[in-house]
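Participant: Sharing entry12.cif here; it has mmCIF, C-alpha atoms; chains and numbers go by the auth columns.
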data_start
loop_
_atom_site.group_PDB
_atom_site.id
_atom_site.type_symbol
_atom_site.label_atom_id
_atom_site.label_comp_id
_atom_site.label_asym_id
_atom_site.label_seq_id
_atom_site.Cartn_x
_atom_site.Cartn_y
_atom_site.Cartn_z
_atom_site.B_iso_or_equiv
_atom_site.auth_seq_id
_atom_site.auth_asym_id
ATOM 1 C CA MET A 1 -21.767 42.948 26.151 0.00 1 A
ATOM 2 C CA ILE A 2 -24.138 45.224 24.204 0.00 2 A
ATOM 3 C CA HIS A 3 -26.946 43.551 22.274 0.00 3 A
ATOM 4 C CA PRO A 4 -27.092 44.565 18.591 0.00 4 A
ATOM 5 C CA THR A 5 -30.693 45.736 18.933 0.00 5 A
ATOM 6 C CA ALA A 6 -29.851 48.195 21.737 0.00 6 A
ATOM 7 C CA ILE A 7 -29.731 51.864 20.745 0.00 7 A
ATOM 8 C CA ILE A 8 -27.010 53.854 22.499 0.00 8 A
ATOM 9 C CA ASP A 9 -26.387 57.502 21.733 0.00 9 A
ATOM 10 C CA PRO A 10 -22.762 58.168 20.727 0.00 10 A
ATOM 11 C CA ALA A 11 -22.579 60.832 23.451 0.00 11 A
ATOM 12 C CA ALA A 12 -23.372 58.331 26.215 0.00 12 A
ATOM 13 C CA GLU A 13 -20.411 57.149 28.331 0.00 13 A
ATOM 14 C CA LEU A 14 -20.450 53.485 29.336 0.00 14 A
ATOM 15 C CA ALA A 15 -17.680 51.653 31.152 0.00 15 A
ATOM 16 C CA GLU A 16 -16.138 48.870 29.079 0.00 16 A
ATOM 17 C CA ASP A 17 -17.863 46.020 30.908 0.00 17 A
ATOM 18 C CA VAL A 18 -21.381 47.484 31.064 0.00 18 A
ATOM 19 C CA GLN A 19 -23.963 45.030 29.703 0.00 19 A
ATOM 20 C CA VAL A 20 -26.982 46.292 27.742 0.00 20 A
ATOM 21 C CA GLY A 21 -29.810 43.932 26.776 0.00 21 A
ATOM 22 C CA PRO A 22 -32.031 43.780 23.703 0.00 22 A
ATOM 23 C CA TYR A 23 -34.046 46.834 22.645 0.00 23 A
ATOM 24 C CA SER A 24 -32.808 49.053 25.449 0.00 24 A
ATOM 25 C CA VAL A 25 -32.345 52.748 24.646 0.00 25 A
ATOM 26 C CA ILE A 26 -29.675 54.927 26.263 0.00 26 A
ATOM 27 C CA GLY A 27 -29.671 58.629 25.438 0.00 27 A
ATOM 28 C CA PRO A 28 -26.986 61.314 25.465 0.00 28 A
ATOM 29 C CA ASP A 29 -25.667 62.774 28.733 0.00 29 A
ATOM 30 C CA VAL A 30 -25.811 59.343 30.358 0.00 30 A
ATOM 31 C CA LYS A 31 -22.825 57.931 32.250 0.00 31 A
ATOM 32 C CA ILE A 32 -22.864 54.322 33.488 0.00 32 A
ATOM 33 C CA GLY A 33 -20.181 52.849 35.749 0.00 33 A
ATOM 34 C CA ALA A 34 -18.360 49.535 35.619 0.00 34 A
ATOM 35 C CA GLY A 35 -20.160 46.271 36.313 0.00 35 A
ATOM 36 C CA THR A 36 -23.653 47.650 35.721 0.00 36 A
ATOM 37 C CA VAL A 37 -26.106 45.384 33.898 0.00 37 A
ATOM 38 C CA ILE A 38 -28.994 46.854 31.899 0.00 38 A
ATOM 39 C CA SER A 39 -31.638 44.282 30.949 0.00 39 A
ATOM 40 C CA SER A 40 -33.867 44.379 27.878 0.00 40 A
ATOM 41 C CA HIS A 41 -36.331 47.173 27.042 0.00 41 A
ATOM 42 C CA VAL A 42 -34.844 49.683 29.508 0.00 42 A
ATOM 43 C CA VAL A 43 -34.913 53.395 28.661 0.00 43 A
ATOM 44 C CA ILE A 44 -32.313 55.685 30.253 0.00 44 A
ATOM 45 C CA ASN A 45 -32.313 59.397 29.494 0.00 45 A
ATOM 46 C CA GLY A 46 -30.051 62.122 30.798 0.00 46 A
ATOM 47 C CA PRO A 47 -28.420 64.017 32.212 0.00 47 A
ATOM 48 C CA THR A 48 -28.081 60.877 34.327 0.00 48 A
ATOM 49 C CA THR A 49 -25.112 59.368 36.160 0.00 49 A
ATOM 50 C CA ILE A 50 -25.296 55.727 37.276 0.00 50 A
ATOM 51 C CA GLY A 51 -22.526 54.241 39.413 0.00 51 A
ATOM 52 C CA LYS A 52 -20.957 50.796 39.585 0.00 52 A
ATOM 53 C CA ASN A 53 -22.478 47.315 39.821 0.00 53 A
ATOM 54 C CA ASN A 54 -26.097 48.305 39.464 0.00 54 A
ATOM 55 C CA ARG A 55 -28.722 45.966 38.016 0.00 55 A
ATOM 56 C CA ILE A 56 -31.611 47.512 36.100 0.00 56 A
ATOM 57 C CA PHE A 57 -34.350 45.129 35.020 0.00 57 A
ATOM 58 C CA GLN A 58 -36.615 45.176 31.992 0.00 58 A
ATOM 59 C CA PHE A 59 -39.019 48.000 31.211 0.00 59 A
ATOM 60 C CA ALA A 60 -37.533 50.386 33.769 0.00 60 A
ATOM 61 C CA SER A 61 -37.581 54.084 32.821 0.00 61 A
ATOM 62 C CA VAL A 62 -34.637 55.904 34.373 0.00 62 A
ATOM 63 C CA GLY A 63 -33.808 59.605 34.100 0.00 63 A
ATOM 64 C CA GLU A 64 -36.935 60.633 32.218 0.00 64 A
ATOM 65 C CA GLU A 65 -38.383 64.137 32.283 0.00 65 A
ATOM 66 C CA CYS A 66 -40.521 64.691 35.359 0.00 66 A
ATOM 67 C CA GLN A 67 -44.323 64.926 35.477 0.00 67 A
ATOM 68 C CA ASP A 68 -44.318 68.373 37.104 0.00 68 A
ATOM 69 C CA LYS A 69 -46.322 70.737 34.866 0.00 69 A
ATOM 70 C CA LYS A 70 -43.867 73.531 35.704 0.00 70 A
ATOM 71 C CA TYR A 71 -41.047 71.616 34.036 0.00 71 A
ATOM 72 C CA ASN A 72 -40.042 73.303 30.782 0.00 72 A
ATOM 73 C CA GLY A 73 -37.221 71.159 29.450 0.00 73 A
ATOM 74 C CA GLU A 74 -34.432 72.443 31.703 0.00 74 A
ATOM 75 C CA PRO A 75 -31.289 70.226 31.907 0.00 75 A
ATOM 76 C CA THR A 76 -31.929 68.781 35.342 0.00 76 A
ATOM 77 C CA ARG A 77 -30.135 65.665 36.627 0.00 77 A
ATOM 78 C CA LEU A 78 -30.448 62.213 38.127 0.00 78 A
ATOM 79 C CA GLU A 79 -27.659 60.611 40.155 0.00 79 A
ATOM 80 C CA ILE A 80 -27.664 56.944 41.199 0.00 80 A
ATOM 81 C CA GLY A 81 -24.935 55.379 43.349 0.00 81 A
ATOM 82 C CA ASP A 82 -23.529 51.842 43.401 0.00 82 A
ATOM 83 C CA ASP A 83 -24.890 48.318 43.915 0.00 83 A
ATOM 84 C CA ASN A 84 -28.561 49.183 43.490 0.00 84 A
ATOM 85 C CA VAL A 85 -31.180 46.756 42.200 0.00 85 A
ATOM 86 C CA ILE A 86 -33.903 48.449 40.152 0.00 86 A
ATOM 87 C CA ARG A 87 -36.618 45.976 39.250 0.00 87 A
ATOM 88 C CA GLU A 88 -39.199 45.741 36.481 0.00 88 A
ATOM 89 C CA SER A 89 -41.082 48.870 35.374 0.00 89 A
ATOM 90 C CA VAL A 90 -39.537 51.175 37.981 0.00 90 A
ATOM 91 C CA THR A 91 -39.756 54.864 37.032 0.00 91 A
ATOM 92 C CA ILE A 92 -37.225 57.429 38.272 0.00 92 A
ATOM 93 C CA HIS A 93 -37.499 61.055 37.132 0.00 93 A
ATOM 94 C CA ARG A 94 -34.964 63.859 37.012 0.00 94 A
ATOM 95 C CA GLY A 95 -35.270 66.989 39.154 0.00 95 A
ATOM 96 C CA THR A 96 -36.705 70.458 38.562 0.00 96 A
ATOM 97 C CA ILE A 97 -35.203 73.923 38.776 0.00 97 A
ATOM 98 C CA GLN A 98 -37.756 74.722 41.488 0.00 98 A
ATOM 99 C CA ASP A 99 -35.608 72.610 43.831 0.00 99 A
ATOM 100 C CA ASN A 100 -31.952 71.595 43.363 0.00 100 A
ATOM 101 C CA SER A 101 -32.379 70.417 39.753 0.00 101 A
ATOM 102 C CA LEU A 102 -31.460 66.965 41.053 0.00 102 A
ATOM 103 C CA THR A 103 -32.969 63.627 41.954 0.00 103 A
ATOM 104 C CA ARG A 104 -30.534 61.401 43.865 0.00 104 A
ATOM 105 C CA ILE A 105 -30.561 57.745 44.883 0.00 105 A
ATOM 106 C CA GLY A 106 -27.727 56.422 47.037 0.00 106 A
ATOM 107 C CA SER A 107 -26.208 52.941 47.087 0.00 107 A
ATOM 108 C CA ARG A 108 -27.301 49.358 47.889 0.00 108 A
ATOM 109 C CA ASN A 109 -31.004 50.092 47.514 0.00 109 A
ATOM 110 C CA LEU A 110 -33.636 47.651 46.312 0.00 110 A
ATOM 111 C CA LEU A 111 -36.484 49.208 44.327 0.00 111 A
ATOM 112 C CA MET A 112 -38.989 46.457 43.629 0.00 112 A
ATOM 113 C CA ALA A 113 -41.327 46.299 40.622 0.00 113 A
ATOM 114 C CA TYR A 114 -43.374 49.393 39.705 0.00 114 A
ATOM 115 C CA VAL A 115 -41.764 51.673 42.286 0.00 115 A
ATOM 116 C CA HIS A 116 -41.913 55.367 41.379 0.00 116 A
ATOM 117 C CA VAL A 117 -39.340 57.940 42.524 0.00 117 A
ATOM 118 C CA ALA A 118 -40.501 61.405 41.494 0.00 118 A
ATOM 119 C CA HIS A 119 -38.591 64.574 40.677 0.00 119 A
ATOM 120 C CA ASP A 120 -36.257 66.116 43.245 0.00 120 A
ATOM 121 C CA CYS A 121 -36.450 63.155 45.627 0.00 121 A
ATOM 122 C CA MET A 122 -33.436 62.297 47.761 0.00 122 A
ATOM 123 C CA VAL A 123 -33.034 58.650 48.768 0.00 123 A
ATOM 124 C CA GLY A 124 -30.211 57.451 51.023 0.00 124 A
ATOM 125 C CA ASP A 125 -28.474 54.073 51.197 0.00 125 A
ATOM 126 C CA ASP A 126 -29.666 50.540 52.017 0.00 126 A
ATOM 127 C CA CYS A 127 -33.370 51.227 51.517 0.00 127 A
ATOM 128 C CA ILE A 128 -36.031 48.769 50.372 0.00 128 A
ATOM 129 C CA PHE A 129 -39.070 50.046 48.482 0.00 129 A
ATOM 130 C CA ALA A 130 -41.511 47.171 48.009 0.00 130 A
ATOM 131 C CA ASN A 131 -43.716 46.721 44.945 0.00 131 A
ATOM 132 C CA ASN A 132 -45.735 49.771 43.839 0.00 132 A
ATOM 133 C CA ALA A 133 -44.370 52.072 46.551 0.00 133 A
ATOM 134 C CA SER A 134 -44.302 55.650 45.286 0.00 134 A
ATOM 135 C CA ILE A 135 -42.671 58.785 46.632 0.00 135 A
ATOM 136 C CA ALA A 136 -43.903 62.115 45.295 0.00 136 A
ATOM 137 C CA GLY A 137 -41.811 65.112 44.331 0.00 137 A
ATOM 138 C CA HIS A 138 -39.280 66.618 46.753 0.00 138 A
ATOM 139 C CA ALA A 139 -39.594 63.741 49.263 0.00 139 A
ATOM 140 C CA HIS A 140 -36.466 62.972 51.297 0.00 140 A
ATOM 141 C CA VAL A 141 -35.797 59.414 52.502 0.00 141 A
ATOM 142 C CA GLY A 142 -32.946 58.553 54.881 0.00 142 A
ATOM 143 C CA ASN A 143 -30.813 55.409 55.143 0.00 143 A
ATOM 144 C CA GLY A 144 -32.160 51.922 55.787 0.00 144 A
ATOM 145 C CA VAL A 145 -35.806 52.882 55.232 0.00 145 A
ATOM 146 C CA ILE A 146 -38.353 50.194 54.321 0.00 146 A
ATOM 147 C CA LEU A 147 -41.508 51.176 52.443 0.00 147 A
ATOM 148 C CA GLY A 148 -44.158 48.468 52.349 0.00 148 A
ATOM 149 C CA GLY A 149 -45.907 47.589 49.114 0.00 149 A
ATOM 150 C CA MET A 150 -48.219 50.264 47.685 0.00 150 A
ATOM 151 C CA THR A 151 -47.057 52.866 50.189 0.00 151 A
ATOM 152 C CA GLY A 152 -47.739 56.391 48.967 0.00 152 A
ATOM 153 C CA VAL A 153 -45.608 59.279 50.227 0.00 153 A
ATOM 154 C CA HIS A 154 -46.915 62.834 49.797 0.00 154 A
ATOM 155 C CA GLN A 155 -44.716 65.457 48.192 0.00 155 A
ATOM 156 C CA PHE A 156 -42.177 67.247 50.431 0.00 156 A
ATOM 157 C CA CYS A 157 -42.416 64.588 53.156 0.00 157 A
ATOM 158 C CA LYS A 158 -39.264 63.550 55.010 0.00 158 A
ATOM 159 C CA ILE A 159 -38.747 59.973 56.185 0.00 159 A
ATOM 160 C CA GLY A 160 -35.996 59.522 58.755 0.00 160 A
ATOM 161 C CA SER A 161 -33.401 56.760 58.645 0.00 161 A
ATOM 162 C CA TYR A 162 -34.498 53.214 59.551 0.00 162 A
ATOM 163 C CA ALA A 163 -38.190 54.114 59.531 0.00 163 A
ATOM 164 C CA MET A 164 -40.673 51.587 58.165 0.00 164 A
ATOM 165 C CA THR A 165 -44.162 51.673 56.649 0.00 165 A
ATOM 166 C CA SER A 166 -46.621 48.816 56.368 0.00 166 A
ATOM 167 C CA GLY A 167 -48.254 47.918 53.080 0.00 167 A
ATOM 168 C CA CYS A 168 -50.775 50.394 51.659 0.00 168 A
ATOM 169 C CA SER A 169 -49.733 53.181 54.035 0.00 169 A
ATOM 170 C CA PHE A 170 -50.454 56.752 52.951 0.00 170 A
ATOM 171 C CA VAL A 171 -47.853 59.127 54.368 0.00 171 A
ATOM 172 C CA THR A 172 -48.908 62.769 54.600 0.00 172 A
ATOM 173 C CA LYS A 173 -46.538 63.986 57.330 0.00 173 A
ATOM 174 C CA ASP A 174 -42.871 63.485 58.173 0.00 174 A
ATOM 175 C CA ILE A 175 -41.833 60.179 59.742 0.00 175 A
ATOM 176 C CA PRO A 176 -39.042 60.494 62.323 0.00 176 A
ATOM 177 C CA ALA A 177 -36.113 58.085 62.290 0.00 177 A
ATOM 178 C CA TYR A 178 -36.856 54.494 63.418 0.00 178 A
ATOM 179 C CA ILE A 179 -40.636 54.971 63.550 0.00 179 A
ATOM 180 C CA MET A 180 -42.974 52.290 62.188 0.00 180 A
ATOM 181 C CA VAL A 181 -46.215 53.582 60.675 0.00 181 A
ATOM 182 C CA SER A 182 -49.296 52.135 59.034 0.00 182 A
ATOM 183 C CA GLY A 183 -52.720 53.213 57.883 0.00 183 A
ATOM 184 C CA ASN A 184 -54.447 55.777 55.681 0.00 184 A
ATOM 185 C CA PRO A 185 -53.493 58.334 56.784 0.00 185 A
ATOM 186 C CA ALA A 186 -50.446 56.700 58.352 0.00 186 A
ATOM 187 C CA GLU A 187 -50.125 56.690 62.135 0.00 187 A
ATOM 188 C CA ALA A 188 -47.142 55.860 64.315 0.00 188 A
ATOM 189 C CA ARG A 189 -47.283 52.374 65.836 0.00 189 A
ATOM 190 C CA SER A 190 -43.868 51.754 67.396 0.00 190 A
ATOM 191 C CA MET A 191 -40.178 51.803 66.559 0.00 191 A
ATOM 192 C CA ASN A 192 -38.432 49.234 64.385 0.00 192 A
ATOM 193 C CA PHE A 193 -36.848 47.479 67.364 0.00 193 A
ATOM 194 C CA GLU A 194 -36.597 44.140 65.560 0.00 194 A
ATOM 195 C CA GLY A 195 -34.580 45.819 62.823 0.00 195 A
ATOM 196 C CA MET A 196 -32.262 47.264 65.455 0.00 196 A
ATOM 197 C CA LYS A 197 -31.630 43.794 66.887 0.00 197 A
ATOM 198 C CA ARG A 198 -30.890 42.406 63.424 0.00 198 A
ATOM 199 C CA ARG A 199 -28.322 45.152 62.916 0.00 199 A
ATOM 200 C CA GLY A 200 -26.621 44.077 66.111 0.00 200 A
ATOM 201 C CA TRP A 201 -27.318 47.242 68.062 0.00 201 A
ATOM 202 C CA SER A 202 -26.622 47.000 71.776 0.00 202 A
ATOM 203 C CA LYS A 203 -29.294 46.633 74.442 0.00 203 A
ATOM 204 C CA GLU A 204 -28.276 50.037 75.785 0.00 204 A
ATOM 205 C CA VAL A 205 -28.955 51.723 72.439 0.00 205 A
ATOM 206 C CA ILE A 206 -32.294 49.962 71.982 0.00 206 A
ATOM 207 C CA SER A 207 -33.352 50.776 75.549 0.00 207 A
ATOM 208 C CA THR A 208 -32.489 54.453 75.057 0.00 208 A
ATOM 209 C CA LEU A 209 -34.458 54.629 71.802 0.00 209 A
ATOM 210 C CA ARG A 210 -37.400 52.833 73.391 0.00 210 A
ATOM 211 C CA SER A 211 -37.434 55.479 76.119 0.00 211 A
ATOM 212 C CA ALA A 212 -37.134 58.215 73.478 0.00 212 A
ATOM 213 C CA TYR A 213 -40.185 56.826 71.668 0.00 213 A
ATOM 214 C CA LYS A 214 -42.230 57.036 74.853 0.00 214 A
ATOM 215 C CA THR A 215 -41.044 60.621 75.376 0.00 215 A
ATOM 216 C CA VAL A 216 -42.207 61.711 71.930 0.00 216 A
ATOM 217 C CA TYR A 217 -45.372 59.625 71.623 0.00 217 A
ATOM 218 C CA ARG A 218 -46.634 58.620 75.054 0.00 218 A
ATOM 219 C CA GLN A 219 -46.158 61.554 77.421 0.00 219 A
ATOM 220 C CA GLY A 220 -48.446 64.102 75.776 0.00 220 A
ATOM 221 C CA LEU A 221 -45.591 66.537 75.165 0.00 221 A
ATOM 222 C CA THR A 222 -45.329 69.035 72.355 0.00 222 A
ATOM 223 C CA LEU A 223 -42.550 68.369 69.881 0.00 223 A
ATOM 224 C CA GLU A 224 -40.495 71.189 71.383 0.00 224 A
ATOM 225 C CA GLN A 225 -40.910 69.776 74.897 0.00 225 A
ATOM 226 C CA ALA A 226 -40.014 66.267 73.712 0.00 226 A
ATOM 227 C CA LEU A 227 -36.889 67.555 71.964 0.00 227 A
ATOM 228 C CA ALA A 228 -35.783 69.281 75.147 0.00 228 A
ATOM 229 C CA GLU A 229 -36.168 65.991 77.023 0.00 229 A
ATOM 230 C CA LEU A 230 -34.199 64.058 74.410 0.00 230 A
ATOM 231 C CA GLU A 231 -31.398 66.590 74.248 0.00 231 A
ATOM 232 C CA SER A 232 -30.928 66.301 78.003 0.00 232 A
ATOM 233 C CA LEU A 233 -30.026 62.615 77.664 0.00 233 A
ATOM 234 C CA PRO A 234 -26.399 61.432 77.364 0.00 234 A
ATOM 235 C CA ALA A 235 -25.047 61.880 73.849 0.00 235 A
ATOM 236 C CA MET A 236 -25.446 58.847 71.582 0.00 236 A
ATOM 237 C CA ASP A 237 -25.088 58.709 67.792 0.00 237 A
ATOM 238 C CA GLU A 238 -28.244 56.666 67.297 0.00 238 A
ATOM 239 C CA LEU A 239 -30.262 59.039 69.472 0.00 239 A
ATOM 240 C CA GLN A 240 -28.887 62.031 67.573 0.00 240 A
ATOM 241 C CA ILE A 241 -30.267 60.566 64.340 0.00 241 A
ATOM 242 C CA LEU A 242 -33.739 60.680 65.902 0.00 242 A
ATOM 243 C CA ILE A 243 -33.236 64.206 67.250 0.00 243 A
ATOM 244 C CA ASP A 244 -32.011 65.478 63.890 0.00 244 A
ATOM 245 C CA SER A 245 -34.991 63.956 62.074 0.00 245 A
ATOM 246 C CA LEU A 246 -37.400 65.606 64.507 0.00 246 A
ATOM 247 C CA LYS A 247 -35.730 68.978 64.063 0.00 247 A
ATOM 248 C CA ALA A 248 -35.800 68.632 60.271 0.00 248 A
ATOM 249 C CA SER A 249 -39.570 68.199 60.163 0.00 249 A
ATOM 250 C CA GLU A 250 -41.422 70.985 58.373 0.00 250 A
ATOM 251 C CA ARG A 251 -44.784 69.292 57.761 0.00 251 A
ATOM 252 C CA GLY A 252 -45.208 68.025 61.313 0.00 252 A
ATOM 253 C CA ILE A 253 -44.493 64.464 62.369 0.00 253 A
ATOM 254 C CA THR A 254 -46.686 61.395 61.964 0.00 254 A
ATOM 255 C CA ARG A 255 -48.413 60.794 65.293 0.00 255 A
#
What is this structure when it is put down as structure tokens?
Facilitator:
Amino acid sequence: MIHPTAIIDPAAELAEDVQVGPYSVIGPDVKIGAGTVISSHVVINGPTTIGKNNRIFQFASVGEECQDKKYNGEPTRLEIGDDNVIRESVTIHRGTIQDNSLTRIGSRNLLMAYVHVAHDCMVGDDCIFANNASIAGHAHVGNGVILGGMTGVHQFCKIGSYAMTSGCSFVTKDIPAYIMVSGNPAEARSMNFEGMKRRGWSKEVISTLRSAYKTVYRQGLTLEQALAELESLPAMDELQILIDSLKASERGITR
């Protein structure tokens, strides 16, 4: 299960069935859960915890020290959940003490080739980051987010659940939940209604969110006025996700 050319620190903790390919290097303070497959030429440093049934492809660098010049060797962490696919040459860096000392990636995510997840980023579940997408330090990404190829996300930006960017988008402000953006700088285009249909969401939910989009983006309201309108609508879990993402914005939302 472990190739003889792999170098694994004695202090690393690997479940019995973890597979490690040729020339991969796993450092101390690394924990890897059952069913995870590490391909060849992968470097994993710690403190890093990786869950079950992940697949990490060749030349990925996982849990490395961050590129923040303020970082001074503190024992910050990386946590990765279950069932993720991390493709070739992906780079994922640990956190800094200027934030929570933690970078976290949830479960069932697909990070395509050359994706970069910087220090202190928080990524939810079921996301897809296409080739060369990069999120800068302290960015927060919700569940079910799709980043098109070569998307760049500015540090400290928040991207709400089920949002989507087109290829080559440059994100400088927060993206509320469900919103589709494109451009440099990115601008809001619509909501990901097709994605809602594919998830089997009801016509009532989609109609309510369509109306909410018009309230925020088409009526010329301030964000505070739009929030007041949305909060006056009947309670709905999917709508609350949008409201919460709007309230969480600190950089201002993508318009």
Participant: Translate the PyMOL selection byres ((chain A and resi 53-60) around 12) into a concrete residue list for this structure, as a compact mmCIF listing (two decimals) with C-alpha atoms, keeping the file's coordinate frame.
Facilitator:
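See expr03.txt below for the written result:
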# COMPACT_ATOMS: atom_id res chain seq x y z
CA ALA A 15 -17.68 51.65 31.15
CA ASP A 17 -17.86 46.02 30.91
CA VAL A 18 -21.38 47.48 31.06
CA GLN A 19 -23.96 45.03 29.70
CA VAL A 20 -26.98 46.29 27.74
CA GLY A 21 -29.81 43.93 26.78
CA PRO A 22 -32.03 43.78 23.70
CA TYR A 23 -34.05 46.83 22.64
CA SER A 24 -32.81 49.05 25.45
CA VAL A 25 -32.34 52.75 24.65
CA ILE A 26 -29.68 54.93 26.26
CA ILE A 32 -22.86 54.32 33.49
CA GLY A 33 -20.18 52.85 35.75
CA ALA A 34 -18.36 49.54 35.62
CA GLY A 35 -20.16 46.27 36.31
CA THR A 36 -23.65 47.65 35.72
CA VAL A 37 -26.11 45.38 33.90
CA ILE A 38 -28.99 46.85 31.90
CA SER A 39 -31.64 44.28 30.95
CA SER A 40 -33.87 44.38 27.88
CA HIS A 41 -36.33 47.17 27.04
CA VAL A 42 -34.84 49.68 29.51
CA VAL A 43 -34.91 53.40 28.66
CA ILE A 44 -32.31 55.68 30.25
CA ASN A 45 -32.31 59.40 29.49
CA THR A 49 -25.11 59.37 36.16
CA ILE A 50 -25.30 55.73 37.28
CA GLY A 51 -22.53 54.24 39.41
CA LYS A 52 -20.96 50.80 39.58
CA SER A 61 -37.58 54.08 32.82
CA VAL A 62 -34.64 55.90 34.37
CA GLY A 63 -33.81 59.60 34.10
CA GLU A 64 -36.94 60.63 32.22
CA ILE A 80 -27.66 56.94 41.20
CA GLY A 81 -24.94 55.38 43.35
CA ASP A 82 -23.53 51.84 43.40
CA ASP A 83 -24.89 48.32 43.92
CA ASN A 84 -28.56 49.18 43.49
CA VAL A 85 -31.18 46.76 42.20
CA ILE A 86 -33.90 48.45 40.15
CA ARG A 87 -36.62 45.98 39.25
CA GLU A 88 -39.20 45.74 36.48
CA SER A 89 -41.08 48.87 35.37
CA VAL A 90 -39.54 51.18 37.98
CA THR A 91 -39.76 54.86 37.03
CA ILE A 92 -37.22 57.43 38.27
CA HIS A 93 -37.50 61.06 37.13
CA ILE A 105 -30.56 57.74 44.88
CA GLY A 106 -27.73 56.42 47.04
CA SER A 107 -26.21 52.94 47.09
CA ARG A 108 -27.30 49.36 47.89
CA ASN A 109 -31.00 50.09 47.51
CA LEU A 110 -33.64 47.65 46.31
CA LEU A 111 -36.48 49.21 44.33
CA MET A 112 -38.99 46.46 43.63
CA ALA A 113 -41.33 46.30 40.62
CA TYR A 114 -43.37 49.39 39.70
CA VAL A 115 -41.76 51.67 42.29
CA HIS A 116 -41.91 55.37 41.38
CA VAL A 117 -39.34 57.94 42.52
Participant: Given the PyMOL selection byres ((chain A and resi 136-145) around 6) and the file above, list the residues it selects as a ChimeraX atom specification.
Facilitator: /A:118-127,135,146,153-164
Participant: When the PyMOL selection byres ((chain A and resi 187) around 6) is applied to the file above, which residues end up in the set, as a JSON list (two decimals) with C-alpha atoms, keeping the file's coordinate frame?
Facilitator:
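Below is the file that was written, expr-v3.json:
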[["chain", "number", "residue", "atom", "x", "y", "z"],
["A", 181, "VAL", "CA", -46.22, 53.58, 60.68],
["A", 182, "SER", "CA", -49.30, 52.14, 59.03],
["A", 186, "ALA", "CA", -50.45, 56.70, 58.35],
["A", 188, "ALA", "CA", -47.14, 55.86, 64.32],
["A", 254, "THR", "CA", -46.69, 61.40, 61.96],
["A", 255, "ARG", "CA", -48.41, 60.79, 65.29]]
Participant: Could you check the closest approach to Asp68 (chain A) for each of A:Ile97, A:Leu209, A:Val30, A:Leu14 and tell me which residue wins, using all atoms listed in the file?
Facilitator: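 Ranked by minimum distance to Asp68 (chain A), first place goes to A:Ile97.
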Participant: How many Å separate CA of Arg199 (chain A) from CA of Glu79 (chain A)?
Facilitator: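 CA of Glu79 (chain A) lies at a distance of 27.5 Å from CA of Arg199 (chain A).
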Participant: Could you rebuild region 201-213 of chain A with N, CA and C atoms and give it back as a tab-separated table (two decimals), in the coordinates of the input?
Facilitator:
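The resulting file, result-v2.tsv, is shown below:
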chain	number	residue	atom	x	y	z
A	201	TRP	N	-27.43	46.11	67.15
A	201	TRP	CA	-27.32	47.24	68.06
A	201	TRP	C	-27.41	46.76	69.50
A	202	SER	N	-26.72	47.43	70.38
A	202	SER	CA	-26.62	47.00	71.78
A	202	SER	C	-27.95	47.20	72.51
A	203	LYS	N	-28.10	46.47	73.62
A	203	LYS	CA	-29.29	46.63	74.44
A	203	LYS	C	-29.41	48.05	74.98
A	204	GLU	N	-28.26	48.66	75.28
A	204	GLU	CA	-28.28	50.04	75.78
A	204	GLU	C	-28.87	51.00	74.75
A	205	VAL	N	-28.44	50.85	73.50
A	205	VAL	CA	-28.96	51.72	72.44
A	205	VAL	C	-30.45	51.51	72.27
A	206	ILE	N	-30.88	50.26	72.20
A	206	ILE	CA	-32.29	49.96	71.98
A	206	ILE	C	-33.13	50.46	73.15
A	207	SER	N	-32.62	50.30	74.38
A	207	SER	CA	-33.35	50.78	75.55
A	207	SER	C	-33.50	52.30	75.52
A	208	THR	N	-32.43	52.99	75.13
A	208	THR	CA	-32.49	54.45	75.06
A	208	THR	C	-33.51	54.91	74.01
A	209	LEU	N	-33.51	54.25	72.86
A	209	LEU	CA	-34.46	54.63	71.80
A	209	LEU	C	-35.89	54.27	72.19
A	210	ARG	N	-36.06	53.19	72.91
A	210	ARG	CA	-37.40	52.83	73.39
A	210	ARG	C	-37.93	53.92	74.34
A	211	SER	N	-37.06	54.39	75.22
A	211	SER	CA	-37.43	55.48	76.12
A	211	SER	C	-37.72	56.77	75.34
A	212	ALA	N	-36.92	57.02	74.30
A	212	ALA	CA	-37.13	58.22	73.48
A	212	ALA	C	-38.48	58.16	72.78
A	213	TYR	N	-38.88	56.97	72.31
A	213	TYR	CA	-40.18	56.83	71.67
A	213	TYR	C	-41.31	57.20	72.63
